[in-house]
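J.: I'm passing along input-v6.cif; it holds mmCIF, C-alpha atoms and all ligand atoms.
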```cif
data_upload
#
loop_
_atom_site.label_atom_id
_atom_site.label_comp_id
_atom_site.auth_asym_id
_atom_site.auth_seq_id
_atom_site.Cartn_x
_atom_site.Cartn_y
_atom_site.Cartn_z
CA MET A 1 -14.41 -3.19 -7.27
CA LYS A 2 -11.58 -3.38 -4.83
CA VAL A 3 -7.99 -4.62 -4.70
CA VAL A 4 -6.24 -5.22 -1.39
CA ALA A 5 -2.45 -5.46 -1.23
CA PHE A 6 -0.35 -6.93 1.56
CA ASN A 7 3.21 -5.70 1.91
CA GLY A 8 5.30 -8.25 3.79
CA SER A 9 8.31 -6.02 4.27
CA ALA A 10 9.63 -5.46 7.78
CA ARG A 11 10.21 -1.89 6.58
CA LYS A 12 7.11 0.26 6.22
CA ASP A 13 6.92 2.56 3.18
CA GLY A 14 10.06 1.16 1.53
CA ASN A 15 10.63 -0.12 -2.00
CA THR A 16 7.87 -2.72 -1.87
CA THR A 17 5.34 -0.03 -0.95
CA ILE A 18 6.50 2.16 -3.84
CA LEU A 19 6.02 -0.72 -6.28
CA VAL A 20 2.54 -1.52 -4.94
CA LYS A 21 1.53 2.14 -5.13
CA THR A 22 2.65 2.21 -8.76
CA VAL A 23 0.29 -0.68 -9.49
CA PHE A 24 -2.44 1.08 -7.48
CA SER A 25 -2.22 4.28 -9.53
CA GLU A 26 -3.19 2.32 -12.68
CA LEU A 27 -6.05 0.58 -10.84
CA LYS A 28 -7.32 3.92 -9.54
CA LYS A 29 -7.34 5.35 -13.07
CA GLU A 30 -9.89 2.63 -13.88
CA GLY A 31 -12.03 3.45 -10.84
CA ILE A 32 -10.91 0.45 -8.78
CA ARG A 33 -10.62 1.03 -5.04
CA THR A 34 -7.40 0.03 -3.31
CA GLU A 35 -6.18 -0.72 0.19
CA LEU A 36 -2.63 -1.31 1.35
CA VAL A 37 -1.97 -3.41 4.45
CA GLN A 38 1.64 -3.16 5.63
CA LEU A 39 2.63 -6.09 7.83
CA ALA A 40 5.63 -4.21 9.25
CA GLY A 41 5.49 -4.08 13.03
CA LYS A 42 2.29 -6.14 13.18
CA LYS A 43 1.93 -9.55 14.77
CA ILE A 44 1.38 -12.58 12.53
CA ARG A 45 2.61 -16.06 13.35
CA GLY A 46 2.89 -19.14 11.16
CA CYS A 47 0.31 -21.93 10.79
CA ILE A 48 0.29 -24.32 13.78
CA ALA A 49 -1.20 -27.16 11.68
CA CYS A 50 -4.07 -27.71 14.13
CA GLY A 51 -6.43 -28.41 11.22
CA LYS A 52 -9.29 -26.65 13.02
CA CYS A 53 -10.05 -24.58 9.91
CA PHE A 54 -11.10 -27.86 8.26
CA THR A 55 -13.39 -28.88 11.13
CA ASN A 56 -14.81 -25.41 11.80
CA GLN A 57 -15.24 -24.38 8.13
CA ASP A 58 -16.06 -20.82 9.22
CA LYS A 59 -13.71 -18.98 6.87
CA ARG A 60 -11.49 -18.09 9.81
CA CYS A 61 -8.25 -19.28 11.34
CA ALA A 62 -8.75 -20.86 14.78
CA VAL A 63 -5.57 -19.17 16.02
CA THR A 64 -6.44 -15.69 17.23
CA GLY A 65 -4.48 -12.85 18.82
CA ASP A 66 -2.82 -11.64 15.64
CA ILE A 67 -3.82 -9.99 12.37
CA ALA A 68 -4.36 -13.15 10.29
CA ASN A 69 -8.16 -13.12 10.47
CA ASP A 70 -8.32 -9.38 9.68
CA CYS A 71 -6.23 -10.08 6.57
CA ILE A 72 -8.38 -13.07 5.60
CA GLU A 73 -11.53 -10.93 5.89
CA LYS A 74 -9.99 -8.26 3.67
CA MET A 75 -9.06 -10.92 1.10
CA LEU A 76 -12.61 -12.28 1.12
CA GLU A 77 -14.14 -8.83 0.55
CA ALA A 78 -11.77 -7.91 -2.30
CA ASP A 79 -12.06 -8.72 -6.00
CA GLY A 80 -8.28 -8.71 -6.37
CA ILE A 81 -5.40 -9.55 -4.04
CA ILE A 82 -1.79 -8.37 -4.35
CA LEU A 83 0.92 -10.12 -2.35
CA ALA A 84 4.06 -7.99 -2.19
CA SER A 85 7.35 -8.83 -0.53
CA PRO A 86 10.96 -7.80 -0.45
CA THR A 87 13.42 -10.59 -1.24
CA TYR A 88 14.87 -11.99 1.98
CA PHE A 89 17.42 -14.77 1.41
CA ALA A 90 15.94 -15.39 -2.03
CA ASP A 91 12.40 -15.78 -0.70
CA VAL A 92 9.50 -13.89 0.87
CA SER A 93 9.73 -12.31 4.33
CA ALA A 94 8.69 -14.43 7.32
CA GLU A 95 5.59 -12.26 7.75
CA MET A 96 4.50 -12.88 4.16
CA LYS A 97 5.08 -16.64 4.50
CA ALA A 98 2.95 -16.65 7.65
CA LEU A 99 0.16 -14.82 5.81
CA ILE A 100 0.34 -17.25 2.88
CA ASP A 101 0.20 -20.35 5.08
CA ARG A 102 -2.56 -19.08 7.36
CA SER A 103 -4.88 -17.61 4.72
CA GLY A 104 -4.10 -20.26 2.12
CA PHE A 105 -4.99 -23.13 4.45
CA VAL A 106 -8.24 -21.43 5.55
CA ALA A 107 -9.14 -20.93 1.89
CA LYS A 108 -8.50 -24.61 1.17
CA ALA A 109 -10.60 -25.62 4.18
CA ASN A 110 -13.49 -23.56 2.82
CA GLN A 111 -13.88 -24.85 -0.74
CA ASP A 112 -11.19 -22.60 -2.23
CA MET A 113 -12.97 -19.46 -1.07
CA PHE A 114 -10.70 -17.14 -3.11
CA ARG A 115 -11.54 -19.05 -6.30
CA ARG A 116 -11.58 -16.81 -9.41
CA LYS A 117 -10.45 -13.69 -7.61
CA VAL A 118 -7.60 -11.95 -9.43
CA GLY A 119 -4.13 -12.23 -7.86
CA ALA A 120 -0.75 -10.63 -8.53
CA SER A 121 2.65 -10.74 -6.86
CA VAL A 122 5.11 -7.85 -6.52
CA VAL A 123 8.76 -8.19 -5.45
CA ALA A 124 11.47 -5.76 -4.35
CA VAL A 125 15.05 -7.01 -4.63
CA ARG A 126 18.57 -5.68 -4.30
CA ARG A 127 20.23 -8.14 -6.64
CA ALA A 128 19.20 -11.82 -6.71
CA GLY A 129 16.47 -14.20 -5.63
CA ALA A 130 13.47 -12.21 -6.89
CA ILE A 131 12.13 -14.93 -9.18
CA HIS A 132 12.04 -17.43 -6.35
CA THR A 133 10.23 -14.87 -4.20
CA PHE A 134 7.79 -14.23 -7.06
CA ASP A 135 7.18 -17.99 -7.41
CA THR A 136 6.49 -18.44 -3.69
CA MET A 137 3.66 -15.89 -3.81
CA ASN A 138 2.29 -17.12 -7.14
CA HIS A 139 1.97 -20.63 -5.69
CA PHE A 140 -0.65 -19.19 -3.32
CA PHE A 141 -2.74 -17.88 -6.23
CA PHE A 142 -2.47 -20.93 -8.43
CA ILE A 143 -3.32 -23.44 -5.71
CA SER A 144 -6.28 -21.24 -4.71
CA GLN A 145 -7.84 -21.39 -8.22
CA MET A 146 -7.21 -17.67 -8.69
CA ILE A 147 -6.60 -15.88 -12.00
CA VAL A 148 -3.20 -14.23 -12.45
CA PRO A 149 -2.53 -11.47 -15.03
CA GLY A 150 0.92 -11.00 -16.52
CA SER A 151 2.99 -7.92 -17.25
CA SER A 152 5.79 -6.96 -19.63
CA TYR A 153 8.37 -8.66 -17.38
CA TRP A 154 8.30 -10.51 -14.06
CA ASN A 155 6.90 -8.16 -11.43
CA ILE A 156 10.14 -7.09 -9.77
CA GLY A 157 11.69 -3.74 -8.87
CA ILE A 158 15.38 -3.30 -8.08
CA GLY A 159 16.63 -1.34 -5.08
CA LEU A 160 18.36 -1.60 -1.71
CA ALA A 161 17.72 1.57 0.31
CA PRO A 162 14.14 2.85 0.60
CA GLY A 163 13.29 4.81 -2.55
CA ASP A 164 15.92 3.12 -4.73
CA VAL A 165 13.25 1.45 -6.90
CA ASN A 166 12.28 4.90 -8.16
CA SER A 167 15.46 4.71 -10.29
CA ASP A 168 14.43 1.37 -11.79
CA GLU A 169 12.55 2.67 -14.79
CA GLU A 170 11.81 -0.77 -16.22
CA GLY A 171 10.61 -2.06 -12.84
CA LEU A 172 8.16 0.83 -12.51
CA SER A 173 6.95 0.36 -16.06
CA THR A 174 6.39 -3.35 -15.32
CA MET A 175 4.22 -2.33 -12.34
CA GLN A 176 2.23 0.09 -14.54
CA SER A 177 1.52 -2.64 -17.11
CA LEU A 178 0.60 -5.02 -14.30
CA GLY A 179 -1.88 -2.49 -12.89
CA ALA A 180 -3.41 -1.88 -16.32
CA ASN A 181 -3.71 -5.62 -17.02
CA MET A 182 -5.15 -6.32 -13.59
CA ALA A 183 -7.79 -3.62 -14.07
CA TRP A 184 -8.64 -4.96 -17.55
CA LEU A 185 -9.00 -8.50 -16.21
CA LEU A 186 -11.11 -7.45 -13.22
CA LYS A 187 -13.52 -5.63 -15.52
CA LYS A 188 -13.76 -8.60 -17.91
CA ILE A 189 -14.52 -10.96 -15.03
CA ARG A 190 -17.18 -8.59 -13.73
CA ASP A 191 -18.89 -8.38 -17.20
C1 LIG A 201 16.99 -10.05 5.94
C2 LIG A 201 17.21 -9.52 4.56
C3 LIG A 201 17.55 -10.41 3.55
C4 LIG A 201 17.74 -9.95 2.25
N1 LIG A 201 18.04 -10.87 1.26
C5 LIG A 201 18.19 -10.44 -0.02
C6 LIG A 201 18.42 -11.38 -1.06
O1 LIG A 201 18.45 -12.60 -0.88
N2 LIG A 201 18.62 -10.89 -2.31
C7 LIG A 201 18.58 -9.55 -2.58
O2 LIG A 201 18.79 -9.17 -3.74
N3 LIG A 201 18.30 -8.64 -1.63
C8 LIG A 201 18.10 -9.05 -0.35
N4 LIG A 201 17.78 -8.11 0.63
C9 LIG A 201 17.58 -6.71 0.26
C10 LIG A 201 16.07 -6.33 0.09
O3 LIG A 201 15.39 -7.27 -0.72
C11 LIG A 201 15.96 -4.94 -0.56
O4 LIG A 201 16.60 -3.99 0.25
C12 LIG A 201 14.53 -4.51 -0.80
O5 LIG A 201 14.52 -3.35 -1.60
C13 LIG A 201 13.81 -4.21 0.50
O6 LIG A 201 12.48 -3.79 0.26
P1 LIG A 201 11.73 -2.78 1.27
O7 LIG A 201 12.37 -1.43 1.09
O8 LIG A 201 10.29 -2.79 0.86
O9 LIG A 201 11.92 -3.32 2.65
C14 LIG A 201 17.60 -8.55 1.95
C15 LIG A 201 17.28 -7.67 2.98
C16 LIG A 201 17.08 -8.14 4.27
C17 LIG A 201 16.70 -7.17 5.38
#
```
What do you get writing this file as structure tokens?
Ligand SMILES: Cc1cc2nc3c(=O)[nH]c(=O)nc-3n(C[C@H](O)[C@H](O)[C@H](O)COP(=O)(O)O)c2cc1C
T.:
Amino acid sequence: MKVVAFNGSARKDGNTTILVKTVFSELKKEGIRTELVQLAGKKIRGCIACGKCFTNQDKRCAVTGDIANDCIEKMLEADGIILASPTYFADVSAEMKALIDRSGFVAKANQDMFRRKVGASVVAVRRAGAIHTFDTMNHFFFISQMIVPGSSYWNIGIGLAPGDVNSDEEGLSTMQSLGANMAWLLKKIRD
């Protein structure tokens, strides 16, 4: 089994990465393979609303020249998908929003092709807006007919400078519970 995570931060290996890796360590304990895709520095534009994904129905976005189709392929292969983002103006980063719109529309055009995969959102935040960010990513899972495990709190970690989330004990513990619950759910679905 495999879980792929997408980190929408413009900053590679920052707080969002630390939170995702904390979830990963629990998944790995249960023998689940993991892959982290960091969108930082990579090209991904928003949906152009051409609607070609609905006419082509080939599980791909008709807009090429960026990483959207690579990400969509990784989502299709995986049993579980993590969307992770820092909070930017109380919402996801522009890169994460582009990924949501592009992959989400292709999934809709192809009979909800992520249906019944497991999904989880992870958020890094300095102070405020994390719940809105969390909601934005969860909308992707719920409208895609995916199954979303919970944790002991909303999946947020608090920090500003890279590494700050390591001091957020409760945030890290929330990520550990999320990883354990995600692994449990993936195994139940596989049974
Ligand atoms: C453009 C921008 C907007 C931000 N907006 C918010 C915000 O609305 N609320 C907040 O608490 N932190 C905000 N932050 C702080 C980041 O969410 C915080 O530093 C986070 O830990 C960054 O995660 P990273 O290290 O993975 O990049 C913002 C940072 C940037 C660069």
J.: Excluding segment 101-111 of chain A and residues on its chain fewer than 6 positions from it, collect all residues at most 10 Å away from it, counting only C-alpha atoms, and give them as a count of residues only.
T.: 32
J.: Of the candidates A:Val118, A:Ile82, A:Ala130, A:Met113, which one gets nearest to ligand LIG 201 (chain A) if we count all atoms listed in the file?
T.: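 The answer is A:Ala130, which sits nearest to ligand LIG 201 (chain A).
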J.: Under the rule that all atoms listed in the file are counted, which of A:Ala94, A:Val165, A:Leu39, A:Cys50 is the nearest residue to Ile67 of chain A?
T.: A:Leu39
J.: Quick one: distance from atom CA of Ser152 of chain A to atom CA of Leu19 of chain A in Å, one decimal?
T.: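 Taking atom CA of Ser152 of chain A and atom CA of Leu19 of chain A, their separation equals 14.7 Å.
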J.: Enumerate residues in contact with ligand LIG 201 (chain A): an atom-to-atom distance of at most 8 Å, counting only C-alpha atoms and all ligand atoms. Format the result as a ChimeraX atom specification.
T.: /A:7-18,85-91,93,124-130,157-165
J.: Please measure the separation of atom CA of Lys2 of chain A and atom CA of Glu35 of chain A, giving the value in Å to one decimal.
T.: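 Pair atom CA of Lys2 of chain A / atom CA of Glu35 of chain A returns 7.8 Å.
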J.: Please, what distance in Å, to one decimal, runs between atom CA of Leu99 of chain A and atom CA of Trp154 of chain A?
T.: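 These atoms are spaced 21.9 Å apart.
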J.: Which residue, A:Gly119, A:Gly41, A:Gly31, A:Gly80, has the smallest gap to Pro149 of chain A when you use only C-alpha atoms?
T.: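 Residue with the minimum atom-to-atom distance to Pro149 of chain A: A:Gly119.
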J.: Counting all atoms listed in the file, which residue out of A:Ser173, A:Thr64, A:Gln38, A:Ser167 sits closest to Phe6 of chain A?
T.: A:Gln38
J.: List the spatial neighbours of Ala180 of chain A as a PyMOL selection string - criterion: any atom at most 9 Å away, all atoms listed in the file, same-chain residues fewer than 4 positions off excluded.
T.: chain A and resi 23+26-27+29-30+151+175-176+184-185
J.: Which is closest to Lys97 of chain A among A:Ala78, A:Leu178, A:Val123, A:Met137, if we use only C-alpha atoms?
T.: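 The shortest atom-to-atom distance to Lys97 of chain A comes from A:Met137.
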